[in-house]
$ cat work-v7.cif   # mmCIF, C-alpha atoms
data_data
#
loop_
_atom_site.label_atom_id
_atom_site.label_comp_id
_atom_site.auth_asym_id
_atom_site.auth_seq_id
_atom_site.Cartn_x
_atom_site.Cartn_y
_atom_site.Cartn_z
CA MET A 1 -5.79 -118.55 17.09
CA PRO A 2 -8.59 -117.28 14.83
CA ARG A 3 -12.07 -118.18 15.88
CA GLN A 4 -13.63 -120.81 13.68
CA GLN A 5 -16.56 -119.44 11.69
CA GLN A 6 -19.84 -121.23 12.31
CA PRO A 7 -21.74 -122.47 9.27
CA PRO A 8 -24.93 -120.54 8.51
CA ALA A 9 -28.00 -121.92 10.22
CA ARG A 10 -30.30 -123.88 7.99
CA PRO A 11 -33.91 -122.77 7.87
CA ALA A 12 -36.16 -125.00 9.92
CA ARG A 13 -37.95 -127.55 7.76
CA ARG A 14 -41.64 -127.94 8.40
CA ARG A 15 -42.71 -131.38 9.43
CA SER A 16 -44.11 -133.48 6.62
CA TYR A 17 -45.85 -136.81 6.42
CA ASP A 18 -43.62 -137.58 3.42
CA GLN A 19 -46.43 -139.39 1.66
CA PHE A 20 -47.28 -138.99 -2.02
CA ASP A 21 -50.95 -138.48 -1.25
CA ALA A 22 -53.21 -135.44 -1.61
CA THR A 23 -54.63 -135.71 1.91
CA ALA A 24 -51.17 -135.95 3.43
CA ARG A 25 -49.97 -132.98 1.38
CA ALA A 26 -52.98 -130.94 2.53
CA LEU A 27 -52.26 -131.78 6.16
CA ASP A 28 -48.64 -130.76 5.64
CA SER A 29 -50.05 -127.25 5.03
CA VAL A 30 -53.01 -127.00 7.40
CA GLY A 31 -52.65 -129.88 9.84
CA ASP A 32 -50.87 -127.91 12.56
CA ARG A 33 -52.87 -126.80 15.59
CA TRP A 34 -54.52 -123.35 15.10
CA THR A 35 -53.95 -123.09 11.34
CA LEU A 36 -57.53 -123.81 10.26
CA LEU A 37 -58.89 -121.54 13.00
CA ILE A 38 -56.71 -118.73 11.67
CA VAL A 39 -58.24 -119.40 8.25
CA ARG A 40 -61.69 -119.18 9.83
CA GLU A 41 -60.83 -115.72 11.17
CA LEU A 42 -59.40 -114.51 7.87
CA LEU A 43 -62.51 -115.61 5.96
CA GLY A 44 -63.99 -112.38 7.33
CA GLY A 45 -61.40 -110.28 5.52
CA PRO A 46 -58.01 -108.73 6.38
CA ARG A 47 -57.12 -108.67 10.09
CA ARG A 48 -54.35 -107.22 12.19
CA TYR A 49 -52.19 -109.52 14.28
CA THR A 50 -53.67 -108.07 17.50
CA ASP A 51 -57.22 -108.74 16.27
CA LEU A 52 -56.36 -112.33 15.42
CA HIS A 53 -54.80 -112.85 18.82
CA ALA A 54 -57.87 -111.41 20.55
CA ASP A 55 -60.28 -113.70 18.67
CA LEU A 56 -58.20 -116.84 19.09
CA PRO A 57 -58.32 -117.28 22.88
CA GLY A 58 -55.65 -119.67 24.08
CA VAL A 59 -53.10 -119.22 21.31
CA SER A 60 -49.71 -117.89 22.38
CA THR A 61 -48.11 -114.99 20.55
CA ASP A 62 -45.20 -117.21 19.47
CA VAL A 63 -47.44 -119.90 18.04
CA LEU A 64 -49.66 -117.40 16.24
CA ALA A 65 -46.65 -115.69 14.67
CA SER A 66 -45.22 -119.06 13.64
CA ARG A 67 -48.48 -120.24 12.06
CA LEU A 68 -48.93 -116.99 10.14
CA LYS A 69 -45.38 -117.26 8.83
CA ASP A 70 -46.02 -120.85 7.74
CA MET A 71 -49.24 -119.76 6.02
CA GLU A 72 -47.37 -117.05 4.13
CA GLN A 73 -44.68 -119.50 3.04
CA GLY A 74 -47.33 -122.02 2.02
CA GLY A 75 -49.21 -119.51 -0.11
CA LEU A 76 -52.32 -119.52 2.08
CA ALA A 77 -52.05 -115.97 3.39
CA LEU A 78 -50.16 -112.78 2.76
CA ARG A 79 -49.23 -109.75 4.81
CA ARG A 80 -49.64 -106.21 3.53
CA LYS A 81 -49.75 -102.65 4.81
CA LEU A 82 -52.93 -100.63 4.71
CA PRO A 83 -52.68 -97.26 2.97
CA PRO A 84 -52.31 -94.05 5.03
CA PRO A 85 -53.47 -92.79 7.40
CA SER A 86 -53.72 -96.27 8.95
CA GLY A 87 -50.43 -97.83 7.85
CA ALA A 88 -51.19 -100.93 9.91
CA SER A 89 -50.12 -104.36 8.70
CA VAL A 90 -52.86 -106.90 8.07
CA TYR A 91 -53.04 -110.54 7.11
CA GLU A 92 -55.43 -111.83 4.47
CA LEU A 93 -56.12 -115.05 2.64
CA THR A 94 -54.86 -115.73 -0.85
CA GLU A 95 -57.07 -117.40 -3.45
CA ARG A 96 -55.63 -120.74 -2.32
CA GLY A 97 -56.45 -119.88 1.28
CA HIS A 98 -60.05 -119.04 0.35
CA GLY A 99 -60.23 -122.46 -1.26
CA LEU A 100 -60.37 -123.92 2.26
CA LEU A 101 -63.93 -122.61 2.76
CA PRO A 102 -65.61 -125.90 1.75
CA VAL A 103 -63.22 -127.75 4.05
CA LEU A 104 -64.13 -125.58 7.03
CA THR A 105 -67.83 -125.72 6.17
CA ALA A 106 -67.79 -129.52 6.07
CA LEU A 107 -65.65 -129.74 9.20
CA ALA A 108 -68.02 -127.42 11.10
CA ALA A 109 -71.03 -129.51 10.05
CA TRP A 110 -69.26 -132.70 11.13
CA GLY A 111 -68.33 -131.18 14.48
CA ALA A 112 -71.68 -129.54 15.24
CA PRO A 113 -73.14 -132.60 17.07
CA ALA A 114 -70.28 -132.31 19.59
CA LEU A 115 -71.66 -128.95 20.75
CA ALA A 116 -74.20 -130.56 23.05
CA GLU A 117 -73.57 -127.96 25.75
CA ARG A 118 -71.24 -125.06 26.29
CA ARG A 119 -68.48 -125.79 28.78
CA PRO A 120 -67.55 -123.15 31.40
CA THR A 121 -64.14 -122.76 29.76
CA ASP A 122 -65.51 -122.33 26.23
CA ALA A 123 -64.97 -118.96 24.58
CA VAL A 124 -67.44 -117.76 21.95
CA ARG A 125 -67.50 -115.03 19.33
CA ALA A 126 -70.53 -114.00 17.29
CA HIS A 127 -68.80 -114.42 13.92
CA TRP A 128 -68.04 -118.06 14.68
CA PHE A 129 -71.69 -118.68 13.72
CA ALA A 130 -71.28 -117.14 10.26
CA LEU A 131 -70.85 -120.42 8.40
CA PRO A 132 -73.92 -122.13 9.92
CA VAL A 133 -76.06 -119.06 9.19
CA LEU A 134 -74.79 -118.95 5.59
CA GLY A 135 -75.67 -122.60 5.18
CA ALA A 136 -79.15 -122.11 6.59
CA LEU A 137 -79.81 -119.24 4.15
CA ALA A 138 -78.32 -120.91 1.07
CA GLY A 139 -81.67 -121.06 -0.73
CA LEU A 140 -82.49 -117.35 -0.64
CA THR A 141 -83.40 -115.88 -4.04
CA ARG A 142 -83.20 -112.21 -3.02
CA GLU A 143 -79.64 -110.97 -2.86
CA GLY A 144 -78.47 -108.45 -0.29
CA VAL A 145 -76.46 -107.62 2.79
CA LEU A 146 -77.76 -109.21 5.96
CA GLU A 147 -76.77 -108.05 9.43
CA VAL A 148 -76.88 -110.76 12.10
CA ARG A 149 -77.26 -109.80 15.75
CA LEU A 150 -76.58 -112.09 18.70
CA ASP A 151 -76.00 -111.37 22.38
CA GLU A 152 -72.32 -112.07 21.71
CA GLY A 153 -72.05 -109.40 19.00
CA GLU A 154 -72.82 -108.72 15.34
CA PHE A 155 -71.55 -109.78 11.94
CA HIS A 156 -72.84 -109.37 8.40
CA LEU A 157 -73.12 -111.48 5.27
CA ARG A 158 -73.96 -111.15 1.60
CA VAL A 159 -76.63 -113.73 0.84
CA GLY A 160 -78.93 -114.85 -1.94
CA GLY A 161 -78.82 -114.82 -5.69
CA GLY A 162 -78.21 -118.51 -6.31
CA PRO A 163 -78.21 -122.05 -4.99
CA GLY A 164 -75.47 -121.29 -2.46
CA PRO A 165 -74.18 -118.33 -0.46
CA VAL A 166 -72.47 -115.55 -2.37
CA LEU A 167 -68.93 -115.65 -1.08
CA ALA A 168 -68.37 -111.96 -0.61
CA GLY A 169 -68.60 -109.93 2.57
CA ALA A 170 -70.56 -106.70 2.71
CA GLN A 171 -67.48 -104.60 3.35
CA THR A 172 -64.51 -106.59 2.04
CA PRO A 173 -64.46 -108.09 -1.48
CA GLY A 174 -63.62 -111.78 -1.37
CA ALA A 175 -64.57 -112.19 2.29
CA VAL A 176 -67.17 -114.72 3.36
CA TYR A 177 -68.54 -112.53 6.14
CA GLY A 178 -67.80 -109.19 7.78
CA TYR A 179 -67.19 -108.18 11.38
CA GLY A 180 -69.60 -105.95 13.28
CA HIS A 181 -72.38 -103.81 11.84
CA ALA A 182 -73.00 -103.44 8.13
CA GLU A 183 -73.06 -99.88 6.79
CA ARG A 184 -76.31 -100.24 4.84
CA PRO A 185 -77.87 -103.66 5.45
CA ASP A 186 -80.84 -104.76 3.38
CA ALA A 187 -82.20 -106.71 6.36
CA ARG A 188 -81.35 -107.61 9.93
CA ILE A 189 -82.01 -110.74 11.92
CA THR A 190 -81.77 -111.12 15.68
CA LEU A 191 -81.38 -114.57 17.19
CA ASP A 192 -79.39 -116.33 19.88
CA ALA A 193 -76.56 -118.81 19.91
CA GLU A 194 -78.93 -121.69 20.66
CA VAL A 195 -80.80 -121.13 17.40
CA CYS A 196 -77.51 -120.88 15.51
CA LEU A 197 -76.46 -124.17 17.04
CA GLU A 198 -79.73 -125.84 15.98
CA LEU A 199 -79.23 -124.54 12.44
CA ALA A 200 -75.72 -126.00 12.43
CA GLN A 201 -76.90 -129.36 13.78
CA GLY A 202 -79.83 -129.54 11.37
CA THR A 203 -82.43 -129.86 14.13
CA THR A 204 -84.34 -126.82 12.88
CA THR A 205 -84.58 -124.71 9.73
CA PHE A 206 -84.51 -120.96 9.36
CA VAL A 207 -88.16 -121.03 8.26
CA GLU A 208 -89.18 -122.88 11.41
CA ALA A 209 -87.18 -120.56 13.65
CA VAL A 210 -88.87 -117.49 12.14
CA LYS A 211 -92.33 -119.04 12.53
CA ASP A 212 -91.57 -119.93 16.15
CA GLY A 213 -90.58 -116.34 16.88
CA ARG A 214 -87.01 -117.27 17.72
CA VAL A 215 -85.63 -115.21 14.84
CA GLU A 216 -86.67 -111.56 14.53
CA VAL A 217 -86.45 -110.05 11.05
CA THR A 218 -86.32 -106.29 10.52
CA GLY A 219 -86.14 -104.31 7.29
CA GLN A 220 -88.49 -103.23 4.49
CA GLY A 221 -86.90 -104.50 1.29
CA PRO A 222 -87.34 -107.70 -0.76
CA LEU A 223 -84.72 -109.59 1.24
CA ALA A 224 -86.46 -108.86 4.53
CA ALA A 225 -89.80 -109.82 3.02
CA GLU A 226 -88.44 -113.17 1.86
CA LEU A 227 -86.90 -113.82 5.26
CA ARG A 228 -90.23 -113.04 6.95
CA GLY A 229 -92.38 -114.91 4.49
CA SER A 230 -91.64 -118.08 2.62
CA GLY A 231 -87.95 -117.87 3.49
CA PRO A 232 -85.32 -120.14 2.00
CA PRO A 233 -85.93 -123.85 1.46
CA GLY A 234 -85.77 -125.98 4.56
CA ARG A 235 -82.04 -126.50 4.49
CA ALA A 236 -80.38 -126.37 7.88
CA GLY A 237 -76.76 -126.37 8.76
CA ALA A 238 -73.65 -125.43 6.88
#
$ encode --input "work-v7.cif" --output "structure tokens"
Amino acid sequence: MPRQQQPPARPARRRSYDQFDATARALDSVGDRWTLLIVRELLGGPRRYTDLHADLPGVSTDVLASRLKDMEQGGLALRRKLPPPSGASVYELTERGHGLLPVLTALAAWGAPALAERRPTDAVRAHWFALPVLGALAGLTREGVLEVRLDEGEFHLRVGGGPGPVLAGAQTPGAVYGYGHAERPDARITLDAEVCLELAQGTTTFVEAVKDGRVEVTGQGPLAAELRGSGPPGRAGA
């Protein structure tokens, strides 16, 4: 007797709130656990799967792969191959994905008061402080590439030139920040995670932290001079 052919499997349908509401539709796309944190990582530019996994402690490989696939299908991210000699595959945000920056900025500011103390199980990466530092420097008038050094590592930003941060990384066009050292920074600042946390919570300003000696500024150009001198207006937090 011939074996009965099984019908083709239907693609799994993502869960939906099934509500005709903009907030519900947004959460259909980014409401799953880890999705917004993946966006946070990709705001620094294209990243390999292994790099994402390393900087998202606690996520399983299956969940990370599933979320990235959902983000591709939802138009938030895309996967592409780097040109030779690398040939590695990287993930990067689409224009729609980059549109989540204000959401993450507001969410980080709302959550900052919950960082009263670091728990023993809490992981930390230097670039997780990029958004608070950008917010604290939003009033800079001198534009340039700023390298930020913490005990946990380094990252770099393009700052100044307007009322808000210029949303372009020093190395990767379209990125909000960059990982590691900048090739030719216009200025460098050295501070610790505690100062970054105070900037995020709004309990201090960048100007105050420089005056108190808790932020060290190095460099000879106009950007460094502004950071050392009058600094940006007293805005704190992202």
$ residues_around --input "work-v7.cif" --residues "range 213-216 of chain A" --least-positions-apart "2" --cutoff "6 Å" --atoms "all atoms listed in the file" --output "PyMOL selection string"
chain A and resi 189-191+209-211
$ residues_around --input "work-v7.cif" --residues "Leu64 in chain A" --least-positions-apart "5" --cutoff "10 Å" --atoms "only C-alpha atoms" --output "mmCIF file with C-alpha atoms, in the frame of the given file"
data_model
loop_
_atom_site.group_PDB
_atom_site.id
_atom_site.type_symbol
_atom_site.label_atom_id
_atom_site.label_comp_id
_atom_site.auth_asym_id
_atom_site.auth_seq_id
_atom_site.Cartn_x
_atom_site.Cartn_y
_atom_site.Cartn_z
ATOM 1 C CA ARG A 33 -52.870 -126.800 15.590
ATOM 2 C CA TRP A 34 -54.520 -123.350 15.100
ATOM 3 C CA THR A 35 -53.950 -123.090 11.340
ATOM 4 C CA ILE A 38 -56.710 -118.730 11.670
ATOM 5 C CA TYR A 49 -52.190 -109.520 14.280
ATOM 6 C CA LEU A 52 -56.360 -112.330 15.420
ATOM 7 C CA HIS A 53 -54.800 -112.850 18.820
ATOM 8 C CA LEU A 56 -58.200 -116.840 19.090
ATOM 9 C CA VAL A 59 -53.100 -119.220 21.310
ATOM 10 C CA LYS A 69 -45.380 -117.260 8.830
ATOM 11 C CA ASP A 70 -46.020 -120.850 7.740
#
$ atom_distance --input "work-v7.cif" --atom1 "CA of Leu68 in chain A" --atom2 "CA of Ala54 in chain A"
14.8 Å
$ atom_distance --input "work-v7.cif" --atom1 "CA of Leu78 in chain A" --atom2 "CA of Tyr91 in chain A"
5.7 Å
$ residues_around --input "work-v7.cif" --residues "range 125-129 of chain A" --least-positions-apart "3" --cutoff "10 Å" --atoms "only C-alpha atoms" --output "number ranges by chain"
A: 37, 40-41, 44, 55-56, 108, 132-134, 148-156, 177-180, 192-193, 196-197, 199-200, 238
$ atom_distance --input "work-v7.cif" --atom1 "CA of Gln73 in chain A" --atom2 "CA of Glu92 in chain A"
13.3 Å
$ resolve_selection --input "work-v7.cif" --expression "the PyMOL selection byres ((chain A and resi 110) around 12)" --output "list in words"
Val103, Leu104, Thr105, Ala106, Leu107, Ala108, Ala109, Gly111, Ala112, Pro113, Ala114, Leu115, Pro132, Ala200, Gln201, Gly202, Gly237 and Ala238 of chain A
$ resolve_selection --input "work-v7.cif" --expression "the PyMOL selection byres ((chain A and resi 74) around 12)" --output "list in words"
Arg14, Arg25, Ala26, Leu27, Asp28, Ser29, Val30, Thr35, Arg67, Leu68, Lys69, Asp70, Met71, Glu72, Gln73, Gly75, Leu76, Ala77, Leu78, Leu93, Thr94, Arg96 and Gly97 of chain A
$ write_last_selection --input "work-v7.cif" --atoms "C-alpha atoms" --output "PDB file, in the frame of the given file"
ATOM      1  CA  ARG A  14     -41.640-127.940   8.400  1.00  0.00           C
ATOM      2  CA  ARG A  25     -49.970-132.980   1.380  1.00  0.00           C
ATOM      3  CA  ALA A  26     -52.980-130.940   2.530  1.00  0.00           C
ATOM      4  CA  LEU A  27     -52.260-131.780   6.160  1.00  0.00           C
ATOM      5  CA  ASP A  28     -48.640-130.760   5.640  1.00  0.00           C
ATOM      6  CA  SER A  29     -50.050-127.250   5.030  1.00  0.00           C
ATOM      7  CA  VAL A  30     -53.010-127.000   7.400  1.00  0.00           C
ATOM      8  CA  THR A  35     -53.950-123.090  11.340  1.00  0.00           C
ATOM      9  CA  ARG A  67     -48.480-120.240  12.060  1.00  0.00           C
ATOM     10  CA  LEU A  68     -48.930-116.990  10.140  1.00  0.00           C
ATOM     11  CA  LYS A  69     -45.380-117.260   8.830  1.00  0.00           C
ATOM     12  CA  ASP A  70     -46.020-120.850   7.740  1.00  0.00           C
ATOM     13  CA  MET A  71     -49.240-119.760   6.020  1.00  0.00           C
ATOM     14  CA  GLU A  72     -47.370-117.050   4.130  1.00  0.00           C
ATOM     15  CA  GLN A  73     -44.680-119.500   3.040  1.00  0.00           C
ATOM     16  CA  GLY A  75     -49.210-119.510  -0.110  1.00  0.00           C
ATOM     17  CA  LEU A  76     -52.320-119.520   2.080  1.00  0.00           C
ATOM     18  CA  ALA A  77     -52.050-115.970   3.390  1.00  0.00           C
ATOM     19  CA  LEU A  78     -50.160-112.780   2.760  1.00  0.00           C
ATOM     20  CA  LEU A  93     -56.120-115.050   2.640  1.00  0.00           C
ATOM     21  CA  THR A  94     -54.860-115.730  -0.850  1.00  0.00           C
ATOM     22  CA  ARG A  96     -55.630-120.740  -2.320  1.00  0.00           C
ATOM     23  CA  GLY A  97     -56.450-119.880   1.280  1.00  0.00           C
TER      24      GLY A  97
END
$ resolve_selection --input "work-v7.cif" --expression "the PyMOL selection byres ((chain A and resi 143) around 8)" --output "list in words"
Leu140, Thr141, Arg142, Gly144, Val145, Arg158, Val159, Gly160, Gly161 and Leu223 of chain A
$ residues_near_point --input "work-v7.cif" --point "(-59.5, -122.9, 23.1)" --cutoff "9 Å" --atoms "all atoms listed in the file" --output "PyMOL selection string"
chain A and resi 56-59+121-123
$ closest_residue --input "work-v7.cif" --among "A:Arg47, A:His98, A:Arg15, A:Arg118" --to "Arg80 in chain A" --atoms "all atoms listed in the file"
A:Arg47
$ decode --input "work-v7.cif" --residues "range 197-218 of chain A" --atoms "C-alpha atoms" --output "compact mmCIF listing (two decimals), in the first residue's frame"
# COMPACT_ATOMS: atom_id res chain seq x y z
CA LEU A 197 25.50 55.71 35.67
CA GLU A 198 25.15 59.16 37.27
CA LEU A 199 24.92 60.72 33.81
CA ALA A 200 22.19 58.25 32.90
CA GLN A 201 20.26 58.90 36.13
CA GLY A 202 20.61 62.66 35.83
CA THR A 203 22.32 63.04 39.21
CA THR A 204 25.32 64.79 37.65
CA THR A 205 26.22 66.54 34.41
CA PHE A 206 29.26 66.10 32.21
CA VAL A 207 30.41 69.61 33.15
CA GLU A 208 30.27 68.78 36.85
CA ALA A 209 32.08 65.48 36.38
CA VAL A 210 34.94 67.20 34.52
CA LYS A 211 35.22 69.90 37.19
CA ASP A 212 35.28 67.25 39.92
CA GLY A 213 38.13 65.45 38.17
CA ARG A 214 36.07 62.32 37.59
CA VAL A 215 36.32 62.67 33.82
CA GLU A 216 39.77 63.05 32.24
CA VAL A 217 39.86 64.76 28.84
CA THR A 218 42.83 64.36 26.49
